[in-house]
2 protein chains.
Amino acid sequence: MSKVYYPYSEFKSDLKVLVQKIDKEFDAIIPIARGGLSIAQMLGEYYDLREVYAINTIGYNDTQKLDEVKVFNIPDLQDAKTVLIVDDIVDSGDTLVEVLKVLQKQYPEVTFYSATVFYKPTACIEPTWWVKEPKGWIEFFWSEDLKS
Amino acid sequence: MSKVYYPYSEFKSDLKVLVQKIDKEFDAIIPIARGGLSIAQMLGEYYDLREVYAINTIGYNDTQKLDEVKVFNIPDLQDAKTVLIVDDIVDSGDTLVEVLKVLQKQYPEVTFYSATVFYKPTACIEPTWWVKEPKGWIEFFWSEDLKS
């Protein structure tokens, strides 16, 4: 698959598109770490929401396609009614599906939405809001810019 | 105090300086949300560390100088020996002091270091590594760039 560098300037433009699409309000934003961290920081500032609580996932097998996703560092959502989960990309969809499953089980009274920049239509789940399809393997600025 | 816009390009340069200063290795990076989220994402990628676990703080009084800081969503550090706490700025230092206090109490066997981009010499604590002093009120790109 071809590699496509994704600079901050494009990220900023895409987040402006994303916030135009998002037509709900939230009590908290949950970034899936690490991919969703920068997005969550910018959306938290945009919506003036201090309630940005990260969650972690790890695949059972680190070297191959991840069949099983473990979710941990689950934030305290006892005061939240509506929550936005954010990540950089929904690729297979396995991570988002598992995060939603774990959160909905622990917080059945909370309504969860999801937002990503990239979404692959072959994924097993579609985020509530997304901006575009990836055209190749995305090399995000946060992965690349300290190397050069 | 004069406002100083802090663009992504400068942030990237400053993080390159920061990683040159950092002369330890870590098992985990803990961003203080929201300020440390983007830094932690980039450092996590740079050090190839998936263990990026955010922590939250809130002041007891949201509208004035915060006298008391509550720390919550404390991550699971049971497998970590050395941990880097990151934030955008150490201003008064109250937040970093309280985060360190809470983490050291819960994980007395863990060694904690800290890194920020900005540090005010009038703060009550100096991060282990930092890049520069703020010359005015910093308007970070993550706060500003979706507004325009």
# chains A, B, ... in the order shown; residues from 1 in each chain; ligands from 1

call {"tool": "closest_atom_pairs", "arguments": {"of": "chain A", "to": "chain B", "cutoff": "7 Å", "atoms": "only C-alpha atoms", "output": "tab-separated table"}}
result
residue	atom	partner	partner_atom	distance
A:Lys12	CA	B:Leu146	CA	6.9
A:Lys16	CA	B:Leu146	CA	6.0
A:Ala33	CA	B:Val52	CA	6.7
A:Arg34	CA	B:Gln41	CA	5.7
A:Leu37	CA	B:Leu37	CA	5.5
A:Ser38	CA	B:Ser38	CA	4.6
A:Gln41	CA	B:Arg34	CA	5.7
A:Met42	CA	B:Trp142	CA	4.9
A:Glu45	CA	B:Ser143	CA	5.2
A:Tyr46	CA	B:Leu146	CA	6.6
A:Val52	CA	B:Arg34	CA	6.6
A:Ala54	CA	B:Ala54	CA	5.7
A:Asn73	CA	B:Pro75	CA	5.7
A:Pro75	CA	B:Asn73	CA	5.7
A:Asp76	CA	B:Asn73	CA	6.5
A:Trp142	CA	B:Met42	CA	4.9
A:Ser143	CA	B:Glu45	CA	5.2
A:Asp145	CA	B:Lys12	CA	7.0
A:Leu146	CA	B:Lys16	CA	6.0

call {"tool": "residues_around", "arguments": {"residues": "A:Val110", "least_positions_apart": "6", "cutoff": "7 Å", "atoms": "only C-alpha atoms", "output": "ChimeraX atom specification"}}
result
/A:80-82

call {"tool": "residues_around", "arguments": {"residues": "B:Pro121", "least_positions_apart": "2", "cutoff": "9 Å", "atoms": "only C-alpha atoms", "output": "list in words"}}
result
Val90, Asp91, Tyr119, Ala123, Cys124, Ile125, Glu126 and Glu133 of chain B

call {"tool": "write_last_selection", "arguments": {"atoms": "N, CA and C atoms", "output": "compact mmCIF listing (two decimals), in the first residue's frame"}}
result
# COMPACT_ATOMS: atom_id res chain seq x y z
N VAL B 90 4.35 24.45 32.75
CA VAL B 90 4.32 24.57 34.20
C VAL B 90 4.27 26.06 34.49
N ASP B 91 3.12 26.50 34.98
CA ASP B 91 2.87 27.92 35.23
C ASP B 91 3.03 28.17 36.74
N TYR B 119 8.03 26.60 30.84
CA TYR B 119 8.23 26.59 32.28
C TYR B 119 8.44 28.03 32.75
N ALA B 123 7.37 29.21 39.17
CA ALA B 123 6.57 28.05 39.59
C ALA B 123 7.18 27.40 40.82
N CYS B 124 6.35 26.64 41.53
CA CYS B 124 6.81 25.99 42.75
C CYS B 124 7.55 24.68 42.47
N ILE B 125 7.61 24.28 41.22
CA ILE B 125 8.34 23.06 40.85
C ILE B 125 8.91 23.24 39.45
N GLU B 126 10.08 22.70 39.24
CA GLU B 126 10.70 22.74 37.90
C GLU B 126 10.60 21.35 37.28
N GLU B 133 10.95 29.54 28.47
CA GLU B 133 10.05 30.34 29.28
C GLU B 133 9.01 31.00 28.39

call {"tool": "select_by_dssp", "arguments": {"residues": "stretch 81-132 of chain B", "states": "alpha helix (DSSP H)", "output": "PyMOL selection string"}}
result
chain B and resi 94-106

call {"tool": "write_last_selection", "arguments": {"atoms": "C-alpha atoms", "output": "mmCIF file, in the first residue's frame"}}
result
data_model
loop_
_atom_site.group_PDB
_atom_site.id
_atom_site.type_symbol
_atom_site.label_atom_id
_atom_site.label_comp_id
_atom_site.auth_asym_id
_atom_site.auth_seq_id
_atom_site.Cartn_x
_atom_site.Cartn_y
_atom_site.Cartn_z
ATOM 1 C CA ASP B 94 0.264 23.439 41.371
ATOM 2 C CA THR B 95 -1.038 20.877 38.887
ATOM 3 C CA LEU B 96 2.265 19.040 38.414
ATOM 4 C CA VAL B 97 2.942 19.019 42.168
ATOM 5 C CA GLU B 98 -0.436 17.480 42.896
ATOM 6 C CA VAL B 99 -0.191 14.925 40.080
ATOM 7 C CA LEU B 100 3.235 13.849 41.316
ATOM 8 C CA LYS B 101 1.972 13.631 44.896
ATOM 9 C CA VAL B 102 -0.983 11.448 43.979
ATOM 10 C CA LEU B 103 1.018 9.181 41.660
ATOM 11 C CA GLN B 104 3.957 8.771 44.041
ATOM 12 C CA LYS B 105 1.582 7.866 46.857
ATOM 13 C CA GLN B 106 -0.206 5.253 44.774
#

call {"tool": "closest_residue", "arguments": {"among": "A:Tyr113, A:Tyr6, A:Tyr47, A:Phe118", "to": "A:Ile30", "atoms": "only C-alpha atoms"}}
result
A:Tyr113

call {"tool": "closest_residue", "arguments": {"among": "B:Ile89, B:Ile32, B:Ala115, B:Met1", "to": "B:Val71", "atoms": "only C-alpha atoms"}}
result
B:Ile32

call {"tool": "select_by_dssp", "arguments": {"residues": "stretch 48-83 of chain B", "states": "strand (DSSP E)", "output": "MDAnalysis selection string"}}
result
chainID B and resid 55:59 69:72 82:83

call {"tool": "write_last_selection", "arguments": {"atoms": "N, CA, C and O atoms", "output": "PDB file, in the first residue's frame"}}
result
ATOM      1  N   ILE B  55      -4.002  11.347  32.368  1.00  0.00           N
ATOM      2  CA  ILE B  55      -4.534  11.584  33.706  1.00  0.00           C
ATOM      3  C   ILE B  55      -5.270  12.917  33.675  1.00  0.00           C
ATOM      4  O   ILE B  55      -4.964  13.777  32.846  1.00  0.00           O
ATOM      5  N   ASN B  56      -6.262  13.074  34.551  1.00  0.00           N
ATOM      6  CA  ASN B  56      -7.054  14.301  34.560  1.00  0.00           C
ATOM      7  C   ASN B  56      -6.890  15.059  35.857  1.00  0.00           C
ATOM      8  O   ASN B  56      -6.695  14.463  36.919  1.00  0.00           O
ATOM      9  N   THR B  57      -7.003  16.360  35.757  1.00  0.00           N
ATOM     10  CA  THR B  57      -7.001  17.207  36.949  1.00  0.00           C
ATOM     11  C   THR B  57      -8.106  18.236  36.802  1.00  0.00           C
ATOM     12  O   THR B  57      -8.506  18.589  35.677  1.00  0.00           O
ATOM     13  N   ILE B  58      -8.596  18.694  37.932  1.00  0.00           N
ATOM     14  CA  ILE B  58      -9.558  19.796  37.892  1.00  0.00           C
ATOM     15  C   ILE B  58      -9.343  20.640  39.135  1.00  0.00           C
ATOM     16  O   ILE B  58      -9.004  20.113  40.202  1.00  0.00           O
ATOM     17  N   GLY B  59      -9.502  21.942  38.968  1.00  0.00           N
ATOM     18  CA  GLY B  59      -9.421  22.842  40.122  1.00  0.00           C
ATOM     19  C   GLY B  59     -10.748  22.848  40.839  1.00  0.00           C
ATOM     20  O   GLY B  59     -11.804  22.700  40.226  1.00  0.00           O
ATOM     21  N   VAL B  69      -6.175  21.244  43.599  1.00  0.00           N
ATOM     22  CA  VAL B  69      -6.239  20.471  42.364  1.00  0.00           C
ATOM     23  C   VAL B  69      -6.660  19.046  42.714  1.00  0.00           C
ATOM     24  O   VAL B  69      -6.062  18.415  43.583  1.00  0.00           O
ATOM     25  N   LYS B  70      -7.716  18.587  42.049  1.00  0.00           N
ATOM     26  CA  LYS B  70      -8.143  17.200  42.221  1.00  0.00           C
ATOM     27  C   LYS B  70      -7.612  16.387  41.042  1.00  0.00           C
ATOM     28  O   LYS B  70      -7.731  16.816  39.891  1.00  0.00           O
ATOM     29  N   VAL B  71      -7.039  15.246  41.344  1.00  0.00           N
ATOM     30  CA  VAL B  71      -6.468  14.376  40.310  1.00  0.00           C
ATOM     31  C   VAL B  71      -7.361  13.151  40.178  1.00  0.00           C
ATOM     32  O   VAL B  71      -7.700  12.526  41.182  1.00  0.00           O
ATOM     33  N   PHE B  72      -7.744  12.805  38.943  1.00  0.00           N
ATOM     34  CA  PHE B  72      -8.608  11.637  38.762  1.00  0.00           C
ATOM     35  C   PHE B  72      -8.308  10.930  37.448  1.00  0.00           C
ATOM     36  O   PHE B  72      -7.477  11.392  36.672  1.00  0.00           O
ATOM     37  N   THR B  82       9.544   3.287  35.333  1.00  0.00           N
ATOM     38  CA  THR B  82       9.944   4.669  35.095  1.00  0.00           C
ATOM     39  C   THR B  82       8.902   5.323  34.193  1.00  0.00           C
ATOM     40  O   THR B  82       8.549   4.771  33.149  1.00  0.00           O
ATOM     41  N   VAL B  83       8.415   6.470  34.615  1.00  0.00           N
ATOM     42  CA  VAL B  83       7.283   7.098  33.941  1.00  0.00           C
ATOM     43  C   VAL B  83       7.580   8.576  33.692  1.00  0.00           C
ATOM     44  O   VAL B  83       8.131   9.264  34.566  1.00  0.00           O
TER      45      VAL B  83
END

call {"tool": "atom_distance", "arguments": {"atom1": "atom CA of A:Val131", "atom2": "atom CA of A:Thr116"}}
result
7.1 Å

call {"tool": "closest_residue", "arguments": {"among": "B:Ile22, B:Thr122, B:Ser114, B:Asp27", "to": "B:Gln78", "atoms": "only C-alpha atoms"}}
result
B:Asp27

call {"tool": "decode", "arguments": {"residues": "stretch 1-49 of chain B", "atoms": "N, CA and C atoms", "output": "PDB file, in the first residue's frame"}}
result
ATOM      1  N   MET B   1      -1.284  40.755  30.345  1.00  0.00           N
ATOM      2  CA  MET B   1      -0.156  40.038  29.747  1.00  0.00           C
ATOM      3  C   MET B   1      -0.383  39.912  28.232  1.00  0.00           C
ATOM      4  N   SER B   2       0.638  40.082  27.451  1.00  0.00           N
ATOM      5  CA  SER B   2       0.488  40.005  25.998  1.00  0.00           C
ATOM      6  C   SER B   2       0.226  38.561  25.578  1.00  0.00           C
ATOM      7  N   LYS B   3      -0.599  38.413  24.534  1.00  0.00           N
ATOM      8  CA  LYS B   3      -0.902  37.076  24.011  1.00  0.00           C
ATOM      9  C   LYS B   3       0.107  36.712  22.929  1.00  0.00           C
ATOM     10  N   VAL B   4       0.553  35.488  22.980  1.00  0.00           N
ATOM     11  CA  VAL B   4       1.537  35.020  22.006  1.00  0.00           C
ATOM     12  C   VAL B   4       1.008  33.754  21.352  1.00  0.00           C
ATOM     13  N   TYR B   5       0.720  33.837  20.060  1.00  0.00           N
ATOM     14  CA  TYR B   5       0.244  32.653  19.343  1.00  0.00           C
ATOM     15  C   TYR B   5       1.397  31.670  19.171  1.00  0.00           C
ATOM     16  N   TYR B   6       1.091  30.426  19.441  1.00  0.00           N
ATOM     17  CA  TYR B   6       2.113  29.371  19.390  1.00  0.00           C
ATOM     18  C   TYR B   6       1.719  28.368  18.314  1.00  0.00           C
ATOM     19  N   PRO B   7       2.311  28.476  17.127  1.00  0.00           N
ATOM     20  CA  PRO B   7       1.875  27.640  16.003  1.00  0.00           C
ATOM     21  C   PRO B   7       2.455  26.222  16.065  1.00  0.00           C
ATOM     22  N   TYR B   8       1.855  25.350  15.296  1.00  0.00           N
ATOM     23  CA  TYR B   8       2.338  23.969  15.251  1.00  0.00           C
ATOM     24  C   TYR B   8       3.804  23.892  14.852  1.00  0.00           C
ATOM     25  N   SER B   9       4.229  24.725  13.896  1.00  0.00           N
ATOM     26  CA  SER B   9       5.624  24.670  13.419  1.00  0.00           C
ATOM     27  C   SER B   9       6.612  24.903  14.566  1.00  0.00           C
ATOM     28  N   GLU B  10       6.278  25.818  15.463  1.00  0.00           N
ATOM     29  CA  GLU B  10       7.155  26.101  16.603  1.00  0.00           C
ATOM     30  C   GLU B  10       7.104  24.958  17.618  1.00  0.00           C
ATOM     31  N   PHE B  11       5.913  24.424  17.808  1.00  0.00           N
ATOM     32  CA  PHE B  11       5.732  23.268  18.700  1.00  0.00           C
ATOM     33  C   PHE B  11       6.604  22.101  18.240  1.00  0.00           C
ATOM     34  N   LYS B  12       6.571  21.819  16.959  1.00  0.00           N
ATOM     35  CA  LYS B  12       7.384  20.734  16.396  1.00  0.00           C
ATOM     36  C   LYS B  12       8.867  20.982  16.662  1.00  0.00           C
ATOM     37  N   SER B  13       9.336  22.187  16.402  1.00  0.00           N
ATOM     38  CA  SER B  13      10.744  22.524  16.669  1.00  0.00           C
ATOM     39  C   SER B  13      11.072  22.367  18.147  1.00  0.00           C
ATOM     40  N   ASP B  14      10.170  22.819  18.997  1.00  0.00           N
ATOM     41  CA  ASP B  14      10.433  22.748  20.442  1.00  0.00           C
ATOM     42  C   ASP B  14      10.462  21.299  20.934  1.00  0.00           C
ATOM     43  N   LEU B  15       9.601  20.459  20.365  1.00  0.00           N
ATOM     44  CA  LEU B  15       9.627  19.049  20.785  1.00  0.00           C
ATOM     45  C   LEU B  15      10.915  18.370  20.340  1.00  0.00           C
ATOM     46  N   LYS B  16      11.455  18.811  19.211  1.00  0.00           N
ATOM     47  CA  LYS B  16      12.758  18.262  18.792  1.00  0.00           C
ATOM     48  C   LYS B  16      13.847  18.653  19.783  1.00  0.00           C
ATOM     49  N   VAL B  17      13.763  19.860  20.309  1.00  0.00           N
ATOM     50  CA  VAL B  17      14.704  20.283  21.357  1.00  0.00           C
ATOM     51  C   VAL B  17      14.478  19.456  22.620  1.00  0.00           C
ATOM     52  N   LEU B  18      13.202  19.260  22.962  1.00  0.00           N
ATOM     53  CA  LEU B  18      12.877  18.522  24.187  1.00  0.00           C
ATOM     54  C   LEU B  18      13.431  17.096  24.152  1.00  0.00           C
ATOM     55  N   VAL B  19      13.241  16.406  23.043  1.00  0.00           N
ATOM     56  CA  VAL B  19      13.728  15.014  22.992  1.00  0.00           C
ATOM     57  C   VAL B  19      15.259  14.949  22.992  1.00  0.00           C
ATOM     58  N   GLN B  20      15.920  16.035  22.569  1.00  0.00           N
ATOM     59  CA  GLN B  20      17.383  16.076  22.700  1.00  0.00           C
ATOM     60  C   GLN B  20      17.803  16.207  24.154  1.00  0.00           C
ATOM     61  N   LYS B  21      16.985  16.855  24.945  1.00  0.00           N
ATOM     62  CA  LYS B  21      17.308  17.055  26.364  1.00  0.00           C
ATOM     63  C   LYS B  21      17.026  15.806  27.199  1.00  0.00           C
ATOM     64  N   ILE B  22      15.989  15.088  26.824  1.00  0.00           N
ATOM     65  CA  ILE B  22      15.554  13.938  27.621  1.00  0.00           C
ATOM     66  C   ILE B  22      16.582  12.814  27.504  1.00  0.00           C
ATOM     67  N   ASP B  23      17.184  12.464  28.618  1.00  0.00           N
ATOM     68  CA  ASP B  23      18.270  11.472  28.603  1.00  0.00           C
ATOM     69  C   ASP B  23      17.951  10.251  29.471  1.00  0.00           C
ATOM     70  N   LYS B  24      16.666   9.937  29.540  1.00  0.00           N
ATOM     71  CA  LYS B  24      16.229   8.728  30.246  1.00  0.00           C
ATOM     72  C   LYS B  24      15.291   7.953  29.330  1.00  0.00           C
ATOM     73  N   GLU B  25      15.030   6.711  29.712  1.00  0.00           N
ATOM     74  CA  GLU B  25      14.005   5.923  29.033  1.00  0.00           C
ATOM     75  C   GLU B  25      12.827   5.702  29.984  1.00  0.00           C
ATOM     76  N   PHE B  26      11.685   5.381  29.404  1.00  0.00           N
ATOM     77  CA  PHE B  26      10.455   5.267  30.192  1.00  0.00           C
ATOM     78  C   PHE B  26       9.672   4.038  29.790  1.00  0.00           C
ATOM     79  N   ASP B  27       8.857   3.583  30.729  1.00  0.00           N
ATOM     80  CA  ASP B  27       7.921   2.497  30.431  1.00  0.00           C
ATOM     81  C   ASP B  27       6.549   3.035  30.058  1.00  0.00           C
ATOM     82  N   ALA B  28       6.307   4.290  30.409  1.00  0.00           N
ATOM     83  CA  ALA B  28       5.003   4.881  30.116  1.00  0.00           C
ATOM     84  C   ALA B  28       5.133   6.401  30.095  1.00  0.00           C
ATOM     85  N   ILE B  29       4.236   7.028  29.346  1.00  0.00           N
ATOM     86  CA  ILE B  29       4.135   8.484  29.301  1.00  0.00           C
ATOM     87  C   ILE B  29       2.738   8.855  29.770  1.00  0.00           C
ATOM     88  N   ILE B  30       2.678   9.792  30.711  1.00  0.00           N
ATOM     89  CA  ILE B  30       1.382  10.227  31.234  1.00  0.00           C
ATOM     90  C   ILE B  30       1.167  11.694  30.897  1.00  0.00           C
ATOM     91  N   PRO B  31       0.312  11.973  29.911  1.00  0.00           N
ATOM     92  CA  PRO B  31      -0.057  13.363  29.684  1.00  0.00           C
ATOM     93  C   PRO B  31      -1.093  13.829  30.707  1.00  0.00           C
ATOM     94  N   ILE B  32      -0.887  15.035  31.208  1.00  0.00           N
ATOM     95  CA  ILE B  32      -1.930  15.676  32.002  1.00  0.00           C
ATOM     96  C   ILE B  32      -2.897  16.304  30.998  1.00  0.00           C
ATOM     97  N   ALA B  33      -4.155  15.831  31.023  1.00  0.00           N
ATOM     98  CA  ALA B  33      -5.156  16.310  30.062  1.00  0.00           C
ATOM     99  C   ALA B  33      -5.725  17.652  30.541  1.00  0.00           C
ATOM    100  N   ARG B  34      -6.009  18.527  29.591  1.00  0.00           N
ATOM    101  CA  ARG B  34      -5.845  18.348  28.179  1.00  0.00           C
ATOM    102  C   ARG B  34      -4.449  18.768  27.688  1.00  0.00           C
ATOM    103  N   GLY B  35      -3.777  19.625  28.444  1.00  0.00           N
ATOM    104  CA  GLY B  35      -2.568  20.289  27.952  1.00  0.00           C
ATOM    105  C   GLY B  35      -1.497  19.388  27.370  1.00  0.00           C
ATOM    106  N   GLY B  36      -1.323  18.193  27.950  1.00  0.00           N
ATOM    107  CA  GLY B  36      -0.221  17.345  27.528  1.00  0.00           C
ATOM    108  C   GLY B  36      -0.549  16.337  26.443  1.00  0.00           C
ATOM    109  N   LEU B  37      -1.798  16.351  25.938  1.00  0.00           N
ATOM    110  CA  LEU B  37      -2.232  15.252  25.060  1.00  0.00           C
ATOM    111  C   LEU B  37      -1.454  15.177  23.746  1.00  0.00           C
ATOM    112  N   SER B  38      -1.324  16.291  23.046  1.00  0.00           N
ATOM    113  CA  SER B  38      -0.618  16.262  21.753  1.00  0.00           C
ATOM    114  C   SER B  38       0.860  15.937  21.947  1.00  0.00           C
ATOM    115  N   ILE B  39       1.460  16.499  22.989  1.00  0.00           N
ATOM    116  CA  ILE B  39       2.864  16.215  23.288  1.00  0.00           C
ATOM    117  C   ILE B  39       3.049  14.720  23.528  1.00  0.00           C
ATOM    118  N   ALA B  40       2.168  14.150  24.323  1.00  0.00           N
ATOM    119  CA  ALA B  40       2.285  12.725  24.649  1.00  0.00           C
ATOM    120  C   ALA B  40       2.122  11.852  23.411  1.00  0.00           C
ATOM    121  N   GLN B  41       1.226  12.253  22.524  1.00  0.00           N
ATOM    122  CA  GLN B  41       1.046  11.471  21.298  1.00  0.00           C
ATOM    123  C   GLN B  41       2.325  11.490  20.476  1.00  0.00           C
ATOM    124  N   MET B  42       2.933  12.652  20.336  1.00  0.00           N
ATOM    125  CA  MET B  42       4.149  12.750  19.525  1.00  0.00           C
ATOM    126  C   MET B  42       5.335  12.076  20.202  1.00  0.00           C
ATOM    127  N   LEU B  43       5.469  12.213  21.508  1.00  0.00           N
ATOM    128  CA  LEU B  43       6.566  11.541  22.207  1.00  0.00           C
ATOM    129  C   LEU B  43       6.361  10.024  22.221  1.00  0.00           C
ATOM    130  N   GLY B  44       5.123   9.606  22.365  1.00  0.00           N
ATOM    131  CA  GLY B  44       4.828   8.173  22.318  1.00  0.00           C
ATOM    132  C   GLY B  44       5.242   7.564  20.989  1.00  0.00           C
ATOM    133  N   GLU B  45       4.950   8.288  19.913  1.00  0.00           N
ATOM    134  CA  GLU B  45       5.372   7.822  18.589  1.00  0.00           C
ATOM    135  C   GLU B  45       6.891   7.862  18.468  1.00  0.00           C
ATOM    136  N   TYR B  46       7.494   8.914  18.946  1.00  0.00           N
ATOM    137  CA  TYR B  46       8.947   9.083  18.830  1.00  0.00           C
ATOM    138  C   TYR B  46       9.690   7.969  19.562  1.00  0.00           C
ATOM    139  N   TYR B  47       9.220   7.645  20.763  1.00  0.00           N
ATOM    140  CA  TYR B  47       9.871   6.609  21.562  1.00  0.00           C
ATOM    141  C   TYR B  47       9.285   5.216  21.303  1.00  0.00           C
ATOM    142  N   ASP B  48       8.351   5.142  20.363  1.00  0.00           N
ATOM    143  CA  ASP B  48       7.691   3.884  20.039  1.00  0.00           C
ATOM    144  C   ASP B  48       7.083   3.231  21.282  1.00  0.00           C
ATOM    145  N   LEU B  49       6.452   4.038  22.078  1.00  0.00           N
ATOM    146  CA  LEU B  49       5.819   3.595  23.325  1.00  0.00           C
ATOM    147  C   LEU B  49       4.298   3.660  23.169  1.00  0.00           C
TER     148      LEU B  49
END
